[in-house]
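Structure below is entry07.csv: CSV, C-alpha atoms and all ligand atoms.
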```csv
chain,number,residue,atom,x,y,z
A,166,MET,CA,-3.4,115.7,-16.4
A,167,THR,CA,-1.6,113.2,-18.6
A,168,MET,CA,1.2,111.1,-17.3
A,169,ASN,CA,3.7,113.0,-19.3
A,170,GLU,CA,2.6,116.3,-17.9
A,171,ARG,CA,3.2,115.1,-14.3
A,172,THR,CA,6.5,116.0,-12.7
A,173,ALA,CA,8.8,113.3,-11.5
A,174,THR,CA,8.4,114.7,-8.0
A,175,PRO,CA,7.4,111.8,-5.7
A,176,SER,CA,3.9,112.0,-4.3
A,177,PRO,CA,3.2,110.6,-0.8
A,178,SER,CA,2.2,107.0,-0.5
A,179,HIS,CA,0.5,105.2,2.4
A,180,THR,CA,2.5,102.1,2.3
A,181,LEU,CA,5.8,103.0,0.5
A,182,THR,CA,8.1,105.9,1.0
A,183,PRO,CA,9.0,107.9,-2.1
A,184,SER,CA,12.5,106.4,-2.0
A,185,ASP,CA,11.0,102.9,-1.9
A,186,ILE,CA,8.9,103.7,-4.9
A,187,ALA,CA,11.9,105.2,-6.7
A,188,ARG,CA,13.8,102.0,-6.0
A,189,VAL,CA,11.0,99.8,-7.3
A,190,ALA,CA,10.6,102.0,-10.4
A,191,LEU,CA,14.4,101.8,-11.2
A,192,LYS,CA,14.4,98.1,-10.6
A,193,ARG,CA,11.5,97.6,-13.0
A,194,LEU,CA,13.2,99.7,-15.7
A,195,ALA,CA,16.4,97.7,-15.3
A,196,GLU,CA,14.5,94.4,-15.4
A,197,LEU,CA,12.8,95.4,-18.6
A,198,GLY,CA,16.0,96.7,-20.1
A,199,LEU,CA,14.5,100.1,-20.6
A,200,PRO,CA,16.7,103.2,-20.5
A,201,PRO,CA,16.2,105.2,-17.3
A,202,THR,CA,15.2,108.4,-19.1
A,203,PRO,CA,13.2,110.9,-17.1
A,204,GLU,CA,10.1,110.0,-19.1
A,205,ASN,CA,10.4,106.3,-18.5
A,206,TYR,CA,11.2,106.9,-14.8
A,207,THR,CA,8.3,109.2,-14.3
A,208,LYS,CA,5.9,106.8,-15.9
A,209,PHE,CA,7.0,104.0,-13.7
A,210,TYR,CA,7.2,106.1,-10.6
A,211,ASN,CA,3.6,107.4,-11.0
A,212,ALA,CA,2.3,104.0,-12.0
A,213,ILE,CA,3.7,102.4,-8.9
A,214,ALA,CA,2.7,105.3,-6.6
A,215,ALA,CA,-0.8,105.2,-7.9
A,216,ILE,CA,-1.2,101.4,-7.3
A,217,LYS,CA,0.3,101.6,-3.8
A,218,SER,CA,-2.1,104.3,-2.7
A,219,PRO,CA,-5.2,104.2,-4.9
A,220,THR,CA,-7.4,106.0,-2.4
A,221,ASP,CA,-5.8,109.3,-2.8
A,222,LYS,CA,-5.5,109.1,-6.6
A,223,SER,CA,-8.1,110.4,-9.1
A,224,SER,CA,-9.7,107.9,-11.4
A,225,GLU,CA,-7.8,109.5,-14.2
A,226,GLU,CA,-4.5,108.8,-12.6
A,227,LEU,CA,-5.4,105.2,-11.8
A,228,LYS,CA,-6.6,104.8,-15.4
A,229,SER,CA,-3.2,106.0,-16.7
A,230,ALA,CA,-1.4,103.7,-14.2
A,231,TYR,CA,-3.5,100.9,-15.4
A,232,GLN,CA,-2.7,101.6,-19.1
A,233,VAL,CA,1.1,101.8,-18.4
A,234,LEU,CA,0.9,98.4,-16.6
A,235,PHE,CA,-1.0,96.8,-19.4
A,236,ARG,CA,1.7,98.0,-21.8
A,237,VAL,CA,4.4,96.7,-19.5
A,238,SER,CA,2.6,93.4,-19.3
A,239,ASP,CA,2.4,93.2,-23.1
A,240,VAL,CA,6.1,93.7,-23.3
A,241,LEU,CA,6.7,91.0,-20.7
A,242,ASP,CA,4.4,88.6,-22.6
A,243,GLY,CA,6.6,89.2,-25.7
A,244,MET,CA,9.8,88.7,-23.7
A,245,ASN,CA,8.5,85.5,-22.1
A,246,GLU,CA,7.7,84.1,-25.5
A,247,ALA,CA,11.0,85.2,-27.0
A,248,SER,CA,13.1,83.7,-24.2
A,249,GLY,CA,11.0,80.5,-24.4
A,250,LEU,CA,11.8,80.2,-28.1
A,251,LEU,CA,15.5,80.9,-27.4
A,252,LEU,CA,15.5,78.2,-24.8
A,253,GLU,CA,14.0,75.7,-27.2
A,254,ASP,CA,16.6,76.7,-29.9
A,255,LEU,CA,19.5,76.3,-27.5
A,256,SER,CA,18.2,72.9,-26.2
A,257,ARG,CA,18.0,71.7,-29.8
A,258,GLY,CA,21.5,73.1,-30.6
A,259,GLY,CA,22.9,71.5,-27.5
A,260,ALA,CA,21.5,68.1,-28.4
A,261,VAL,CA,23.0,68.4,-31.9
A,262,MET,CA,26.4,69.2,-30.5
A,263,ASP,CA,26.3,66.3,-28.0
A,264,LYS,CA,25.5,64.0,-30.9
A,265,SER,CA,28.4,65.4,-33.0
A,266,LEU,CA,30.8,64.9,-30.1
A,267,ASP,CA,29.7,61.3,-29.7
A,268,THR,CA,30.4,60.7,-33.4
A,269,LEU,CA,33.8,62.3,-33.1
A,270,ARG,CA,34.7,60.1,-30.1
A,271,SER,CA,33.7,56.9,-31.8
A,272,SER,CA,35.5,57.8,-35.0
A,273,ASN,CA,38.9,58.3,-33.2
A,274,ASP,CA,39.4,61.9,-34.3
A,275,PRO,CA,42.4,63.8,-32.8
A,276,GLU,CA,42.2,64.5,-29.1
A,277,GLN,CA,42.7,68.2,-29.5
A,278,LEU,CA,39.7,68.5,-31.7
A,279,GLN,CA,37.6,66.7,-29.1
A,280,ALA,CA,38.8,69.1,-26.4
A,281,VAL,CA,37.8,72.1,-28.5
A,282,LEU,CA,34.4,70.7,-29.2
A,283,GLY,CA,34.0,69.7,-25.5
A,284,GLU,CA,34.8,73.3,-24.6
A,285,LEU,CA,32.3,74.5,-27.1
A,286,ILE,CA,29.6,72.3,-25.7
A,287,GLU,CA,30.4,73.4,-22.2
A,288,SER,CA,30.1,77.1,-23.1
A,289,THR,CA,26.8,76.4,-24.9
A,290,GLY,CA,25.6,74.7,-21.7
A,291,SER,CA,26.4,77.7,-19.6
A,292,VAL,CA,24.7,80.0,-22.0
A,293,ARG,CA,21.7,77.8,-21.8
A,294,GLN,CA,21.8,78.0,-18.0
A,295,THR,CA,21.9,81.8,-18.1
A,296,VAL,CA,19.0,82.0,-20.5
A,297,SER,CA,17.1,79.5,-18.4
A,298,SER,CA,17.5,81.5,-15.2
A,299,SER,CA,16.6,84.8,-16.9
A,300,HIS,CA,13.5,83.0,-18.3
A,301,ARG,CA,12.6,82.1,-14.7
A,302,ASP,CA,13.2,85.7,-13.6
A,303,LEU,CA,11.0,86.9,-16.3
A,304,GLN,CA,8.3,84.5,-15.3
A,305,GLU,CA,8.5,85.7,-11.7
A,306,LEU,CA,8.3,89.3,-12.9
A,307,LYS,CA,5.3,88.4,-15.0
A,308,GLN,CA,3.5,86.8,-12.0
A,309,ALA,CA,4.2,90.0,-10.0
A,310,MET,CA,2.7,92.1,-12.8
A,311,ASP,CA,-0.4,89.8,-13.0
A,312,LYS,CA,-0.9,90.3,-9.3
A,313,ILE,CA,-0.6,94.1,-9.7
A,314,GLN,CA,-3.2,93.9,-12.5
A,315,THR,CA,-5.6,91.9,-10.3
A,316,ASP,CA,-5.2,94.6,-7.5
A,317,LEU,CA,-5.9,97.3,-10.1
A,318,ALA,CA,-9.0,95.5,-11.3
A,319,LEU,CA,-10.2,95.5,-7.7
A,320,ASN,CA,-9.4,99.1,-7.4
A,321,ARG,CA,-11.2,99.9,-10.6
A,322,LYS,CA,-14.3,98.0,-9.3
A,323,THR,CA,-14.3,100.3,-6.2
A,324,LEU,CA,-13.8,103.4,-8.4
A,325,GLU,CA,-16.9,102.4,-10.4
A,326,GLN,CA,-19.2,101.9,-7.5
A,327,ASP,CA,-21.5,104.4,-5.8
A,328,PRO,CA,-20.5,104.3,-2.1
A,329,LEU,CA,-24.0,105.0,-0.8
A,330,THR,CA,-26.0,102.4,-2.6
A,331,GLY,CA,-23.4,100.0,-4.0
A,332,ALA,CA,-24.9,100.5,-7.5
A,333,LEU,CA,-22.5,101.4,-10.3
A,334,ASN,CA,-21.7,105.0,-10.8
A,335,ARG,CA,-21.5,106.9,-14.1
A,336,GLN,CA,-17.9,105.8,-14.7
A,337,GLY,CA,-18.9,102.2,-14.3
A,338,LEU,CA,-21.8,102.8,-16.7
A,339,GLU,CA,-19.5,104.1,-19.3
A,340,HIS,CA,-17.4,100.9,-19.2
A,341,LEU,CA,-20.4,98.5,-19.3
A,342,LEU,CA,-22.5,100.5,-21.8
A,343,ALA,CA,-19.7,100.2,-24.3
A,344,ARG,CA,-19.4,96.5,-23.6
A,345,GLU,CA,-23.2,95.9,-24.0
A,346,VAL,CA,-23.5,97.9,-27.2
A,347,LYS,CA,-20.7,95.9,-28.7
A,348,ARG,CA,-22.4,92.7,-27.7
A,349,VAL,CA,-25.7,93.8,-29.2
A,350,ARG,CA,-23.9,94.6,-32.5
A,351,ARG,CA,-22.3,91.1,-32.5
A,352,ALA,CA,-25.3,89.0,-31.4
A,353,ALA,CA,-28.2,91.2,-32.7
A,354,TYR,CA,-30.3,91.1,-29.6
A,355,ALA,CA,-32.2,94.0,-28.0
A,356,LEU,CA,-30.8,96.4,-25.4
A,357,THR,CA,-33.0,98.7,-23.4
A,358,VAL,CA,-32.3,101.5,-20.9
A,359,ALA,CA,-34.7,102.9,-18.3
A,360,ILE,CA,-34.0,106.1,-16.5
A,361,LEU,CA,-35.8,106.4,-13.2
A,362,ASP,CA,-36.1,109.7,-11.3
A,363,LEU,CA,-37.6,109.6,-7.8
A,364,ASP,CA,-40.6,112.0,-7.6
A,365,GLU,CA,-40.4,115.0,-5.3
A,366,PHE,CA,-37.6,113.6,-3.4
A,367,LYS,CA,-36.7,117.1,-2.1
A,368,ARG,CA,-39.8,116.7,0.2
A,369,VAL,CA,-38.3,113.6,1.8
A,370,ASN,CA,-35.2,115.5,2.7
A,371,ASP,CA,-37.1,118.6,3.8
A,372,ARG,CA,-39.4,116.6,6.0
A,373,HIS,CA,-37.1,114.0,7.5
A,374,GLY,CA,-33.6,115.3,6.9
A,375,HIS,CA,-30.8,114.4,4.5
A,376,LEU,CA,-29.6,111.3,6.4
A,377,VAL,CA,-33.1,109.7,6.2
A,378,GLY,CA,-33.1,110.7,2.5
A,379,ASP,CA,-29.9,108.7,2.1
A,380,LYS,CA,-31.5,105.7,3.8
A,381,VAL,CA,-34.5,106.0,1.4
A,382,LEU,CA,-32.1,106.0,-1.5
A,383,MET,CA,-30.3,102.9,-0.2
A,384,HIS,CA,-33.7,101.2,0.4
A,385,PHE,CA,-34.9,101.9,-3.1
A,386,SER,CA,-31.6,100.7,-4.6
A,387,SER,CA,-31.9,97.4,-2.7
A,388,ILE,CA,-35.5,96.9,-3.9
A,389,ALA,CA,-34.3,97.5,-7.5
A,390,LYS,CA,-31.5,95.0,-7.1
A,391,ALA,CA,-33.9,92.4,-5.8
A,392,VAL,CA,-36.3,92.9,-8.7
A,393,LEU,CA,-33.7,93.0,-11.4
A,394,ARG,CA,-32.1,90.0,-13.0
A,395,GLU,CA,-28.4,89.2,-12.4
A,396,SER,CA,-27.5,90.4,-15.8
A,397,ASP,CA,-29.3,93.7,-15.5
A,398,ILE,CA,-27.2,96.7,-14.6
A,399,LEU,CA,-28.2,99.2,-11.9
A,400,VAL,CA,-26.5,102.6,-11.9
A,401,ARG,CA,-26.9,105.5,-9.7
A,402,TYR,CA,-27.1,108.0,-12.5
A,403,GLY,CA,-27.5,111.2,-10.4
A,404,GLY,CA,-28.5,112.2,-6.8
A,405,GLU,CA,-32.1,110.7,-6.8
A,406,GLU,CA,-31.9,109.3,-10.4
A,407,PHE,CA,-31.2,105.7,-11.2
A,408,LEU,CA,-30.5,104.0,-14.6
A,409,VAL,CA,-31.2,100.4,-15.4
A,410,LEU,CA,-29.5,98.8,-18.4
A,411,LEU,CA,-31.4,95.7,-19.6
A,412,PRO,CA,-29.5,93.5,-21.9
A,413,GLU,CA,-31.5,91.1,-24.1
A,414,THR,CA,-34.6,93.0,-23.3
A,415,ASP,CA,-36.9,94.9,-25.6
A,416,LEU,CA,-39.5,97.6,-24.8
A,417,ASN,CA,-42.1,95.1,-23.7
A,418,GLY,CA,-39.6,93.4,-21.4
A,419,ALA,CA,-38.6,96.7,-20.0
A,420,ARG,CA,-42.3,97.6,-19.3
A,421,PHE,CA,-42.7,94.4,-17.4
A,422,VAL,CA,-39.5,95.0,-15.3
A,423,ILE,CA,-40.4,98.6,-14.4
A,424,ASP,CA,-44.0,97.7,-13.6
A,425,ARG,CA,-42.8,95.0,-11.3
A,426,LEU,CA,-40.4,97.4,-9.6
A,427,ARG,CA,-43.3,99.9,-9.2
A,428,GLN,CA,-45.4,97.3,-7.5
A,429,VAL,CA,-42.7,96.0,-5.2
A,430,ASN,CA,-41.7,99.6,-4.3
A,431,ALA,CA,-45.3,100.5,-3.5
A,432,LYS,CA,-45.6,97.5,-1.2
A,433,THR,CA,-42.4,98.0,0.7
A,434,PRO,CA,-41.9,101.7,1.7
A,435,TYR,CA,-39.1,102.7,3.9
A,436,PHE,CA,-40.1,102.5,7.6
A,437,TYR,CA,-38.8,105.3,9.8
A,438,GLN,CA,-40.0,106.3,13.3
A,439,ASN,CA,-43.3,104.4,13.0
A,440,GLN,CA,-44.1,105.9,9.7
A,441,HIS,CA,-43.8,104.7,6.1
A,442,ILE,CA,-42.0,107.0,3.7
A,443,GLU,CA,-43.5,106.3,0.3
A,444,ILE,CA,-41.7,107.3,-2.8
A,445,ARG,CA,-42.7,107.1,-6.5
A,446,PHE,CA,-40.7,107.5,-9.6
A,447,SER,CA,-40.9,108.7,-13.2
A,448,THR,CA,-39.4,106.6,-15.9
A,449,GLY,CA,-38.1,107.1,-19.5
A,450,VAL,CA,-37.4,104.0,-21.6
A,451,ALA,CA,-35.5,103.7,-24.8
A,452,GLU,CA,-34.4,100.7,-26.9
A,453,LEU,CA,-31.1,100.9,-28.8
A,454,LYS,CA,-31.6,101.5,-32.5
A,455,ALA,CA,-29.5,100.0,-35.2
A,456,ASP,CA,-27.9,103.3,-36.2
A,457,GLU,CA,-27.3,104.9,-32.8
A,458,ASN,CA,-24.7,104.7,-30.1
A,459,GLY,CA,-25.2,104.1,-26.4
A,460,HIS,CA,-25.2,107.7,-25.5
A,461,ALA,CA,-27.8,108.6,-28.0
A,462,MET,CA,-30.1,105.9,-26.5
A,463,LEU,CA,-29.5,107.4,-23.0
A,464,LEU,CA,-30.3,110.8,-24.2
A,465,ARG,CA,-33.7,109.6,-25.7
A,466,ALA,CA,-34.5,107.8,-22.4
A,467,ASP,CA,-33.7,111.0,-20.4
A,468,GLN,CA,-35.9,113.1,-22.6
A,469,ALA,CA,-38.7,110.5,-22.2
A,470,MET,CA,-38.2,110.6,-18.4
A,471,TYR,CA,-38.7,114.4,-18.5
A,472,ARG,CA,-41.9,113.9,-20.5
A,473,ALA,CA,-43.1,111.5,-17.7
A,474,LYS,CA,-42.4,114.2,-15.1
A,475,GLY,CA,-44.2,116.8,-17.3
A,476,ALA,CA,-47.2,114.5,-17.7
A,477,GLY,CA,-47.8,114.3,-13.9
A,478,ARG,CA,-45.0,112.0,-12.6
A,479,ASP,CA,-45.3,108.3,-11.3
A,480,GLN,CA,-45.5,107.0,-14.9
A,481,MET,CA,-43.4,105.5,-17.7
A,482,VAL,CA,-42.9,107.0,-21.1
A,483,PHE,CA,-41.3,105.3,-24.1
A,484,ALA,CA,-38.8,107.3,-26.2
A,485,ASP,CA,-39.6,107.9,-29.9
A,501,LIG,N1,-30.6,112.5,0.9
A,501,LIG,C1,-30.1,112.7,-0.3
A,501,LIG,N2,-30.7,113.5,-1.1
A,501,LIG,C2,-30.2,113.7,-2.4
A,501,LIG,C3,-29.1,113.0,-2.8
A,501,LIG,N3,-28.8,113.5,-4.1
A,501,LIG,C4,-29.8,114.3,-4.4
A,501,LIG,N4,-30.7,114.5,-3.4
A,501,LIG,C5,-31.8,115.4,-3.3
A,501,LIG,O1,-32.7,115.1,-4.2
A,501,LIG,C6,-33.6,116.3,-4.4
A,501,LIG,C7,-33.9,116.4,-5.8
A,501,LIG,O2,-34.7,117.6,-5.9
A,501,LIG,P1,-35.3,118.0,-7.3
A,501,LIG,O3,-34.3,118.1,-8.3
A,501,LIG,O4,-36.0,119.3,-7.0
A,501,LIG,O5,-36.3,117.0,-7.7
A,501,LIG,P2,-37.5,116.3,-6.9
A,501,LIG,O6,-37.8,117.0,-5.6
A,501,LIG,O7,-37.2,114.8,-6.8
A,501,LIG,O8,-38.7,116.6,-7.8
A,501,LIG,P3,-39.0,116.0,-9.2
A,501,LIG,O9,-37.8,115.2,-9.7
A,501,LIG,O10,-39.4,117.1,-10.1
A,501,LIG,O11,-40.1,115.0,-9.0
A,501,LIG,C8,-32.8,117.4,-3.8
A,501,LIG,O12,-33.4,117.8,-2.6
A,501,LIG,C9,-31.4,116.8,-3.5
A,501,LIG,O13,-30.8,117.4,-2.4
A,501,LIG,C10,-28.4,112.2,-1.9
A,501,LIG,O14,-27.4,111.6,-2.1
A,501,LIG,N5,-29.0,112.0,-0.6
```
Please express the file's structure as structure tokens.
Amino acid sequence: MTMNERTATPSPSHTLTPSDIARVALKRLAELGLPPTPENYTKFYNAIAAIKSPTDKSSEELKSAYQVLFRVSDVLDGMNEASGLLLEDLSRGGAVMDKSLDTLRSSNDPEQLQAVLGELIESTGSVRQTVSSSHRDLQELKQAMDKIQTDLALNRKTLEQDPLTGALNRQGLEHLLAREVKRVRRAAYALTVAILDLDEFKRVNDRHGHLVGDKVLMHFSSIAKAVLRESDILVRYGGEEFLVLLPETDLNGARFVIDRLRQVNAKTPYFYQNQHIEIRFSTGVAELKADENGHAMLLRADQAMYRAKGAGRDQMVFAD
């Protein structure tokens, strides 16, 4: 659902009542000098409600809220800049007028004229004061928006994480894949992806139960995190399927990383009720080609992983 399609009916929030949110939304509109049309009001209402209760909002809703706030922040940036310039202009104008008045005083011009000019300067000073205080208000508002953006960034991080393993989820991958592909295009280094599917994982669940299966997934994920470099990106791609994005790594580098993971994984099985639960995995690896996008690379890695399964599992296959 897009923001425009939503109704203006307030949704419940954990921390603010609907009337609180409405008040904040109207205040923000007034502060920004935006007309309180139903569309503007609904946008702000939903943005604020989404931020105040992120846990019961879909990622789509949070994304929309995020976008609205970025637009608002842009507007504020522009207003800050404009009012800063206005202040500078007024300060300069005030200085010029002060100087003129001094000249008039010293040249014995009629008193009446001096009074008029004095009044003029006084009113300029009060305009200057008004602008200065709205400048301060704008800056405070900007700080509040920055804080909201920081909170949203934290929320986004939570939204992009798999709760079981702490690895990124698919949404997080989307975000980072786009970033990494862009970096490759700029810096012309290699980017490789490896898709790892645990072999016959159903047996682990069937034999020991789903909860133990969960622990085995967490264990595997922590081994992978330990083996990978800080800059490598671990994603829980599916139930028992992981994806590793390896920036600045070619196929040879990927082979090295996956072999090392295989060795460490073989040496450190999950220990449960006096027995080791050993798992193995099949891997498909692909390196980004000059003429393909990130998703095409993932597709090739996935196909290679299925070939590894078909060829007997517990092995690595390179995509064409
Ligand atoms: N415990 C647990 N199991 C999961 C989770 N997600 C997926 N699985 C299980 O992973 C198993 C995957 O089974 P299959 O798709 O048949 O694959 P497999 O048994 O690993 O066999 P191959 O992939 O062909 O080697 C199923 O039993 C799922 O229930 C999870 O979050 N926790």
Contacts with ligand LIG 501 (chain A) at most 7 Å, all atoms listed in the file counted, listed as a ChimeraX atom specification: /A:362-368,370,375-379,382,403-405,474,478
| Excluding same-chain residues fewer than 3 positions from segment 408-422 of chain A, what lies within 7 Å of it counting all atoms listed in the file, as a ChimeraX atom specification? | /A:354-361,397-402,425-426,452
Across A:Val482, A:Ala353, A:Val346, A:Ala391, the smallest distance to Met462 of chain A, with all atoms listed in the file counted, is shown by A:Val346
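Between atom CA of Asn320 of chain A and atom CA of Glu339 of chain A the separation is 16.4 Å.
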In Å and to one decimal, atom CA of Ala484 of chain A is distant from atom CA of Asp467 of chain A by 8.6 Å
At a cut-off of 10 Å around the point (-26.2, 93.1, -4.0) (file coordinates), what residues fall inside when counting all atoms listed in the file? I'd like the answer as a PyMOL selection string.
chain A and resi 330-332+386-387+389-391+395
The distance between atom CA of Phe407 of chain A and atom CA of Arg465 of chain A is 15.2 Å
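Checking A:Ala260, A:Arg350, A:Gly283, A:Leu197 one by one against Asp456 of chain A, counting only C-alpha atoms, you find the shortest gap at A:Arg350.
In this comparison, which uses only C-alpha atoms, the residue of A:Lys432, A:Val189, A:Ala451, A:Glu196 approaching Phe209 of chain A most closely is A:Val189.
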Min atom-atom distance to Gln440 of chain A from the set A:His373, A:Ala469, A:Ala343, A:Gln294, counting all atoms listed in the file, belongs to A:His373
- Message: I'd like the neighbourhood of Pro434 of chain A as a PyMOL selection string, where a residue qualifies if any of its atoms comes within 6 Å (using only C-alpha atoms), though same-chain residues fewer than 2 positions away should be ignored.
- Response: chain A and resi 441-443
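Of the residues under consideration (A:Lys454, A:His460, A:Lys380, A:Arg394), A:Lys380 shows the shortest atom-to-atom contact distance to Tyr437 of chain A when counting all atoms listed in the file.
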